[in-house]
Amino acid sequence: MLDARIRGFGQFDGYDENPNKFYLPLAGESCRLVLTYDGSRIVAIEPGSAFDSAEWERLSEEIERSILIGPLKVGREYSFSSFRVVGSWRGDRSGVQILPPPDDSPGAEVEMAEHPFILEFSIRASDFWPVTNYRRLREHSKLSLLLNILLRGAVTLQPRQQDYFWAAIPRDGVNFEYKWVNRYFHANLGHIVVDEVSPSTPERIQEVKSDEYYAGGGHDGMPLRVPSDLDELIYRYMNLSRTNRTKFDRSAFWFELARRQSIYSVSAAFASLVSAVEALTGRGDLHRLHCDICHTQCTHEVPGATEKFRAFFEA
């Protein structure tokens with residue numbers, strides 16, 4: 001919203017005593033807004049020297065109306081599963097729904113593929129559409145990464161940046177046609193933000209007792225099934241503290257990246273799995289000491305990363 005109203009890339013002021021302040025569109029006399037950060041969060045927005053009071057009042061009202069409050073809506077977007085989705089599933093507590101793709105949607109002819117399905121979830125809407133759509137895309141990404149952990153197989157989403165590669169397209173089952181193609185998927189989705197979840201389909205996704213569900217492995221040729229406590233697991237994720245949910249989201253990102261890296265480098269995939277674990281751990285206590293080898297002051301952390309990693313698996 002600030003990008004639409006203020007414009008400009010913004011900048012830090014190298015001479016500022018507070019390095020957590022960011023100035024829009026520029027620092028100094030042309031500054032119209034000052035943003036104060038705490039980590040990655042904006043905790044204060046104040047008028048700059050070039051911002052008149054009338055414009056500041058209008059912007060403040062729009063922030064109150066378009067950012068801080070708004071009705072609950074339902075966002076919709078395509079995700080992809082290792083297992084074909086032929087029915088629907090809805091979580092009463094989490095408000096998340098899985099739907100099969102429409103009949104006219106493109107689909108893979110083989111079972112070992114990325115099968116599209118529609119994911120529906122709650123978002124806080126704004127009367128400023130770019131904010132609503134950003135929240136839709138953000139929650140879709142986070143929930144897809146979450147389902148990638150909670151469901152057997154893999155749950156993925158298509159990258160938003162274009163990616164080209166060589167593909168072998170079957171002609172008659174024996175011969176192939178080789179083409180340079182774009183990684184892209186498009187299918188009928190309907191409205192991407194609606195007032196309430198869509199009606200469930202007559203066929204429902206089978207729920208399996210959690211112990212039995214996670215005991216299995218590999219692809220058995222069956223359609224997507226879910227653990228019986230999936231709704232509870234998603235609900236617990238949604239009610240994590242801000243700090244713990246951020247940790248979990250970061251860990252889920254590295255977990256999914258490890259899967260994609262495994263075809264290029266097994267060692268890189270293992271490194272990403274280590275990062276997924278470290279994202280869930282906290283920092284040790286920091287103190288400074290003098291290194292007799294470097295003859296300089298350095299920072300020492302207790303317990304260190306290795307000890308925290310070991311303690312995580314023991315817990």
# chains A, B, ... in the order shown; residues from 1 in each chain; ligands from 1
>>> select_by_dssp(residues="stretch 201-236 of chain A", states="helix (DSSP H, G or I)", output="list of chain:residue names")
A:Ser210, A:Asp211, A:Glu212, A:Tyr213, A:Tyr214, A:Ala215, A:Leu230, A:Asp231, A:Glu232, A:Leu233, A:Ile234, A:Tyr235, A:Arg236
>>> residues_around(residues="stretch 4-7 of chain A", least_positions_apart="3", cutoff="8 Å", atoms="only C-alpha atoms", output="list of chain:residue names")
A:Met1, A:Leu24, A:Pro25, A:Arg32
>>> residues_around(residues="A:Val194", least_positions_apart="6", cutoff="12 Å", atoms="only C-alpha atoms", output="list in words")
Pro71, Leu72, Lys73, Val74, Gly75, Arg76, Glu77, Glu120, Phe121, Ser122, Ile123, Arg124, Ala125, Thr132, Asn133 and Arg136 of chain A
>>> write_last_selection(atoms="C-alpha atoms", output="PDB file, in the first residue's frame")
ATOM      1  CA  PRO A  71     -13.520  -9.048   7.058  1.00  0.00           C
ATOM      2  CA  LEU A  72     -12.534 -12.706   6.901  1.00  0.00           C
ATOM      3  CA  LYS A  73     -12.680 -14.130   3.380  1.00  0.00           C
ATOM      4  CA  VAL A  74     -11.618 -17.381   1.725  1.00  0.00           C
ATOM      5  CA  GLY A  75      -8.590 -17.477  -0.548  1.00  0.00           C
ATOM      6  CA  ARG A  76      -8.271 -20.082  -3.301  1.00  0.00           C
ATOM      7  CA  GLU A  77      -5.309 -21.365  -5.320  1.00  0.00           C
ATOM      8  CA  GLU A 120      -9.097 -23.016   0.225  1.00  0.00           C
ATOM      9  CA  PHE A 121      -8.188 -21.130   3.410  1.00  0.00           C
ATOM     10  CA  SER A 122      -9.159 -18.100   5.493  1.00  0.00           C
ATOM     11  CA  ILE A 123      -7.533 -14.694   4.950  1.00  0.00           C
ATOM     12  CA  ARG A 124      -8.101 -11.202   6.311  1.00  0.00           C
ATOM     13  CA  ALA A 125      -9.369  -9.138   3.367  1.00  0.00           C
ATOM     14  CA  THR A 132      -5.707  -8.948  -0.121  1.00  0.00           C
ATOM     15  CA  ASN A 133      -4.037 -10.763  -3.004  1.00  0.00           C
ATOM     16  CA  ARG A 136      -3.811 -14.901  -0.371  1.00  0.00           C
TER      17      ARG A 136
END
>>> residues_around(residues="stretch 273-290 of chain A", least_positions_apart="4", cutoff="8 Å", atoms="only C-alpha atoms", output="CSV table (one decimal) with N, CA and C atoms, in the first residue's frame")
chain,number,residue,atom,x,y,z
A,244,ASN,N,7.1,-18.7,17.1
A,244,ASN,CA,7.2,-20.1,16.8
A,244,ASN,C,6.7,-20.4,15.4
A,247,LYS,N,9.4,-19.6,13.0
A,247,LYS,CA,10.4,-20.6,13.0
A,247,LYS,C,9.9,-21.8,12.1
A,248,PHE,N,8.7,-22.2,12.3
A,248,PHE,CA,8.1,-23.4,11.6
A,248,PHE,C,8.1,-23.1,10.1
A,250,ARG,N,9.9,-21.1,8.4
A,250,ARG,CA,11.3,-21.2,7.8
A,250,ARG,C,11.8,-22.6,7.7
A,251,SER,N,11.5,-23.4,8.7
A,251,SER,CA,11.9,-24.8,8.7
A,251,SER,C,11.2,-25.5,7.5
A,252,ALA,N,9.9,-25.3,7.3
A,252,ALA,CA,9.2,-25.9,6.2
A,252,ALA,C,9.7,-25.5,4.9
A,253,PHE,N,10.2,-24.3,4.7
A,253,PHE,CA,10.8,-23.9,3.5
A,253,PHE,C,12.1,-24.7,3.2
A,254,TRP,N,12.9,-24.9,4.2
A,254,TRP,CA,14.2,-25.6,4.0
A,254,TRP,C,13.9,-27.1,3.8
A,255,PHE,N,12.8,-27.6,4.4
A,255,PHE,CA,12.4,-29.0,4.2
A,255,PHE,C,12.0,-29.3,2.8
A,258,ALA,N,15.0,-29.1,0.4
A,258,ALA,CA,15.8,-30.3,0.4
A,258,ALA,C,15.3,-31.4,-0.6
A,269,ALA,N,21.1,-31.3,-0.3
A,269,ALA,CA,19.8,-31.6,0.3
A,269,ALA,C,20.0,-31.9,1.8
A,295,HIS,N,44.2,-13.0,18.4
A,295,HIS,CA,44.5,-11.8,19.2
A,295,HIS,C,43.5,-10.7,19.0
A,296,THR,N,42.2,-11.1,18.9
A,296,THR,CA,41.1,-10.2,18.8
A,296,THR,C,40.0,-10.6,19.6
A,297,GLN,N,39.0,-9.7,19.8
A,297,GLN,CA,37.8,-10.0,20.6
A,297,GLN,C,36.8,-10.7,19.6
A,298,CYS,N,36.2,-11.8,20.0
A,298,CYS,CA,35.2,-12.5,19.2
A,298,CYS,C,34.0,-12.8,20.0
A,299,THR,N,33.0,-13.3,19.3
A,299,THR,CA,31.7,-13.6,20.0
A,299,THR,C,31.6,-15.1,20.1
A,300,HIS,N,31.3,-15.6,21.3
A,300,HIS,CA,31.1,-17.0,21.6
A,300,HIS,C,29.7,-17.3,22.0
A,301,GLU,N,29.1,-18.4,21.5
A,301,GLU,CA,27.7,-18.7,21.8
A,301,GLU,C,27.6,-20.0,22.5
A,302,VAL,N,26.9,-20.0,23.6
A,302,VAL,CA,26.8,-21.2,24.5
A,302,VAL,C,25.3,-21.5,24.8
A,303,PRO,N,24.7,-22.6,24.5
A,303,PRO,CA,25.3,-23.7,23.8
A,303,PRO,C,25.5,-23.4,22.3
A,304,GLY,N,26.4,-24.0,21.6
A,304,GLY,CA,26.6,-23.8,20.2
A,304,GLY,C,25.7,-24.5,19.3
A,305,ALA,N,25.8,-24.3,18.0
A,305,ALA,CA,24.9,-24.8,17.0
A,305,ALA,C,24.9,-26.4,17.1
A,308,LYS,N,23.0,-27.6,20.2
A,308,LYS,CA,21.5,-27.4,20.0
A,308,LYS,C,20.9,-28.4,19.0
A,309,PHE,N,21.7,-28.7,18.0
A,309,PHE,CA,21.2,-29.6,17.0
A,309,PHE,C,21.0,-31.0,17.6
A,312,PHE,N,18.0,-31.1,20.0
A,312,PHE,CA,16.8,-31.1,19.3
A,312,PHE,C,16.3,-32.6,19.1
>>> select_by_dssp(residues="stretch 79-303 of chain A", states="strand (DSSP E)", output="NGL selection string")
:A and (79-81 or 89-90 or 97-99 or 115-124 or 155-156 or 164-170 or 176-182 or 193-194 or 207-208 or 226-227 or 285-291 or 296-302)
>>> closest_residue(among="A:Leu146, A:Ile98, A:Ile63, A:Leu35", to="A:Met238", atoms="only C-alpha atoms")
A:Leu146
>>> atom_distance(atom1="atom CA of A:Glu111", atom2="atom CA of A:Ser82")
7.8 Å
>>> closest_residue(among="A:Gly8, A:Gly216, A:Gly221, A:Pro199", to="A:Arg84", atoms="only C-alpha atoms")
A:Gly221
>>> residues_around(residues="A:Gln206", least_positions_apart="4", cutoff="8 Å", atoms="only C-alpha atoms", output="list in words")
Leu224, Arg225 and Val226 of chain A
>>> residues_around(residues="A:Ser66", least_positions_apart="4", cutoff="7 Å", atoms="only C-alpha atoms", output="count of residues only")
5
>>> atom_distance(atom1="atom CA of A:Phe117", atom2="atom CA of A:Ile169")
23.3 Å
>>> residues_around(residues="A:Glu203", least_positions_apart="2", cutoff="8 Å", atoms="only C-alpha atoms", output="PyMOL selection string")
chain A and resi 86-88+201+205
>>> write_last_selection(atoms="N, CA and C atoms", output="mmCIF file, in the first residue's frame")
data_model
loop_
_atom_site.group_PDB
_atom_site.id
_atom_site.type_symbol
_atom_site.label_atom_id
_atom_site.label_comp_id
_atom_site.auth_asym_id
_atom_site.auth_seq_id
_atom_site.Cartn_x
_atom_site.Cartn_y
_atom_site.Cartn_z
ATOM 1 N N VAL A 86 -9.120 -36.961 -5.751
ATOM 2 C CA VAL A 86 -10.396 -37.291 -6.400
ATOM 3 C C VAL A 86 -11.596 -36.936 -5.529
ATOM 4 N N GLY A 87 -11.366 -36.487 -4.306
ATOM 5 C CA GLY A 87 -12.464 -36.099 -3.426
ATOM 6 C C GLY A 87 -12.123 -34.820 -2.686
ATOM 7 N N SER A 88 -12.944 -34.476 -1.717
ATOM 8 C CA SER A 88 -12.735 -33.250 -0.950
ATOM 9 C C SER A 88 -12.526 -33.583 0.516
ATOM 10 N N THR A 201 -17.446 -31.875 -2.333
ATOM 11 C CA THR A 201 -17.881 -32.815 -3.358
ATOM 12 C C THR A 201 -18.530 -34.034 -2.703
ATOM 13 N N ILE A 205 -12.301 -37.410 0.670
ATOM 14 C CA ILE A 205 -10.973 -37.979 0.829
ATOM 15 C C ILE A 205 -10.959 -38.860 2.073
#
>>> atom_distance(atom1="atom CA of A:Phe83", atom2="atom CA of A:Glu177")
26.7 Å
>>> decode(residues="stretch 64-109 of chain A", atoms="N, CA and C atoms", output="tab-separated table (two decimals), in the first residue's frame")
chain	number	residue	atom	x	y	z
A	64	GLU	N	-5.51	2.19	8.94
A	64	GLU	CA	-6.44	1.63	9.93
A	64	GLU	C	-7.55	0.81	9.26
A	65	ARG	N	-8.04	1.30	8.12
A	65	ARG	CA	-9.17	0.68	7.45
A	65	ARG	C	-8.75	-0.50	6.57
A	66	SER	N	-7.60	-0.40	5.91
A	66	SER	CA	-7.22	-1.38	4.89
A	66	SER	C	-6.20	-2.40	5.35
A	67	ILE	N	-5.48	-2.13	6.42
A	67	ILE	CA	-4.40	-3.02	6.85
A	67	ILE	C	-4.73	-3.69	8.17
A	68	LEU	N	-5.13	-2.91	9.15
A	68	LEU	CA	-5.27	-3.44	10.51
A	68	LEU	C	-6.59	-4.15	10.75
A	69	ILE	N	-7.60	-3.85	9.97
A	69	ILE	CA	-8.89	-4.51	10.14
A	69	ILE	C	-9.40	-4.95	8.78
A	70	GLY	N	-10.42	-5.76	8.77
A	70	GLY	CA	-11.01	-6.23	7.52
A	70	GLY	C	-11.77	-7.52	7.75
A	71	PRO	N	-12.71	-7.83	6.89
A	71	PRO	CA	-13.52	-9.05	7.06
A	71	PRO	C	-12.73	-10.30	6.69
A	72	LEU	N	-13.13	-11.43	7.27
A	72	LEU	CA	-12.53	-12.71	6.90
A	72	LEU	C	-13.13	-13.19	5.59
A	73	LYS	N	-12.27	-13.57	4.67
A	73	LYS	CA	-12.68	-14.13	3.38
A	73	LYS	C	-11.99	-15.48	3.20
A	74	VAL	N	-12.23	-16.09	2.06
A	74	VAL	CA	-11.62	-17.38	1.73
A	74	VAL	C	-10.77	-17.22	0.47
A	75	GLY	N	-9.48	-17.50	0.60
A	75	GLY	CA	-8.59	-17.48	-0.55
A	75	GLY	C	-8.54	-18.84	-1.22
A	76	ARG	N	-8.28	-18.84	-2.53
A	76	ARG	CA	-8.27	-20.08	-3.30
A	76	ARG	C	-7.07	-20.08	-4.24
A	77	GLU	N	-6.42	-21.26	-4.38
A	77	GLU	CA	-5.31	-21.37	-5.32
A	77	GLU	C	-4.99	-22.83	-5.52
A	78	TYR	N	-4.29	-23.13	-6.63
A	78	TYR	CA	-3.89	-24.50	-6.94
A	78	TYR	C	-2.61	-24.88	-6.21
A	79	SER	N	-2.62	-26.07	-5.62
A	79	SER	CA	-1.41	-26.74	-5.15
A	79	SER	C	-1.34	-28.08	-5.87
A	80	PHE	N	-0.26	-28.84	-5.60
A	80	PHE	CA	-0.05	-30.08	-6.33
A	80	PHE	C	0.39	-31.18	-5.36
A	81	SER	N	-0.13	-32.38	-5.58
A	81	SER	CA	0.13	-33.50	-4.70
A	81	SER	C	0.72	-34.67	-5.47
A	82	SER	N	1.57	-35.45	-4.79
A	82	SER	CA	2.09	-36.67	-5.40
A	82	SER	C	0.99	-37.69	-5.65
A	83	PHE	N	-0.11	-37.57	-4.90
A	83	PHE	CA	-1.24	-38.48	-5.05
A	83	PHE	C	-2.40	-37.75	-5.72
A	84	ARG	N	-3.07	-38.43	-6.62
A	84	ARG	CA	-4.19	-37.83	-7.33
A	84	ARG	C	-5.32	-37.50	-6.34
A	85	VAL	N	-5.91	-36.32	-6.48
A	85	VAL	CA	-6.97	-35.86	-5.58
A	85	VAL	C	-8.31	-36.06	-6.28
A	86	VAL	N	-9.12	-36.96	-5.75
A	86	VAL	CA	-10.40	-37.29	-6.40
A	86	VAL	C	-11.60	-36.94	-5.53
A	87	GLY	N	-11.37	-36.49	-4.31
A	87	GLY	CA	-12.46	-36.10	-3.43
A	87	GLY	C	-12.12	-34.82	-2.69
A	88	SER	N	-12.94	-34.48	-1.72
A	88	SER	CA	-12.74	-33.25	-0.95
A	88	SER	C	-12.53	-33.58	0.52
A	89	TRP	N	-11.89	-32.66	1.22
A	89	TRP	CA	-11.68	-32.75	2.67
A	89	TRP	C	-11.79	-31.36	3.25
A	90	ARG	N	-12.46	-31.25	4.41
A	90	ARG	CA	-12.60	-29.94	5.05
A	90	ARG	C	-12.31	-30.06	6.54
A	91	GLY	N	-11.50	-29.12	7.04
A	91	GLY	CA	-11.21	-29.07	8.47
A	91	GLY	C	-12.14	-28.09	9.16
A	92	ASP	N	-12.94	-28.57	10.10
A	92	ASP	CA	-13.92	-27.71	10.76
A	92	ASP	C	-13.24	-26.65	11.63
A	93	ARG	N	-12.13	-26.99	12.29
A	93	ARG	CA	-11.45	-26.05	13.18
A	93	ARG	C	-10.51	-25.13	12.41
A	94	SER	N	-9.80	-25.68	11.45
A	94	SER	CA	-8.81	-24.89	10.71
A	94	SER	C	-9.43	-24.05	9.60
A	95	GLY	N	-10.59	-24.48	9.09
A	95	GLY	CA	-11.21	-23.77	7.98
A	95	GLY	C	-10.56	-24.05	6.63
A	96	VAL	N	-9.63	-25.00	6.58
A	96	VAL	CA	-8.93	-25.35	5.34
A	96	VAL	C	-9.73	-26.41	4.60
A	97	GLN	N	-9.79	-26.27	3.28
A	97	GLN	CA	-10.49	-27.26	2.47
A	97	GLN	C	-9.63	-27.66	1.27
A	98	ILE	N	-9.63	-28.96	0.98
A	98	ILE	CA	-8.98	-29.51	-0.21
A	98	ILE	C	-10.08	-29.94	-1.17
A	99	LEU	N	-9.98	-29.49	-2.42
A	99	LEU	CA	-10.97	-29.83	-3.44
A	99	LEU	C	-10.27	-30.42	-4.66
A	100	PRO	N	-10.91	-31.36	-5.35
A	100	PRO	CA	-10.34	-31.85	-6.61
A	100	PRO	C	-10.43	-30.79	-7.68
A	101	PRO	N	-9.60	-30.86	-8.70
A	101	PRO	CA	-9.68	-29.87	-9.78
A	101	PRO	C	-10.96	-30.06	-10.60
A	102	PRO	N	-11.39	-29.04	-11.31
A	102	PRO	CA	-12.57	-29.20	-12.17
A	102	PRO	C	-12.33	-30.27	-13.23
A	103	ASP	N	-13.41	-30.78	-13.80
A	103	ASP	CA	-13.30	-31.84	-14.80
A	103	ASP	C	-12.51	-31.40	-16.03
A	104	ASP	N	-12.57	-30.09	-16.36
A	104	ASP	CA	-11.87	-29.62	-17.55
A	104	ASP	C	-10.43	-29.19	-17.25
A	105	SER	N	-9.95	-29.46	-16.04
A	105	SER	CA	-8.59	-29.07	-15.68
A	105	SER	C	-7.58	-30.04	-16.29
A	106	PRO	N	-6.40	-29.56	-16.70
A	106	PRO	CA	-5.36	-30.47	-17.18
A	106	PRO	C	-4.97	-31.45	-16.08
A	107	GLY	N	-4.67	-32.68	-16.48
A	107	GLY	CA	-4.29	-33.70	-15.51
A	107	GLY	C	-3.25	-34.63	-16.07
A	108	ALA	N	-2.45	-35.20	-15.18
A	108	ALA	CA	-1.41	-36.14	-15.60
A	108	ALA	C	-2.03	-37.50	-15.88
A	109	GLU	N	-1.52	-38.18	-16.91
A	109	GLU	CA	-2.04	-39.50	-17.28
A	109	GLU	C	-1.45	-40.61	-16.44
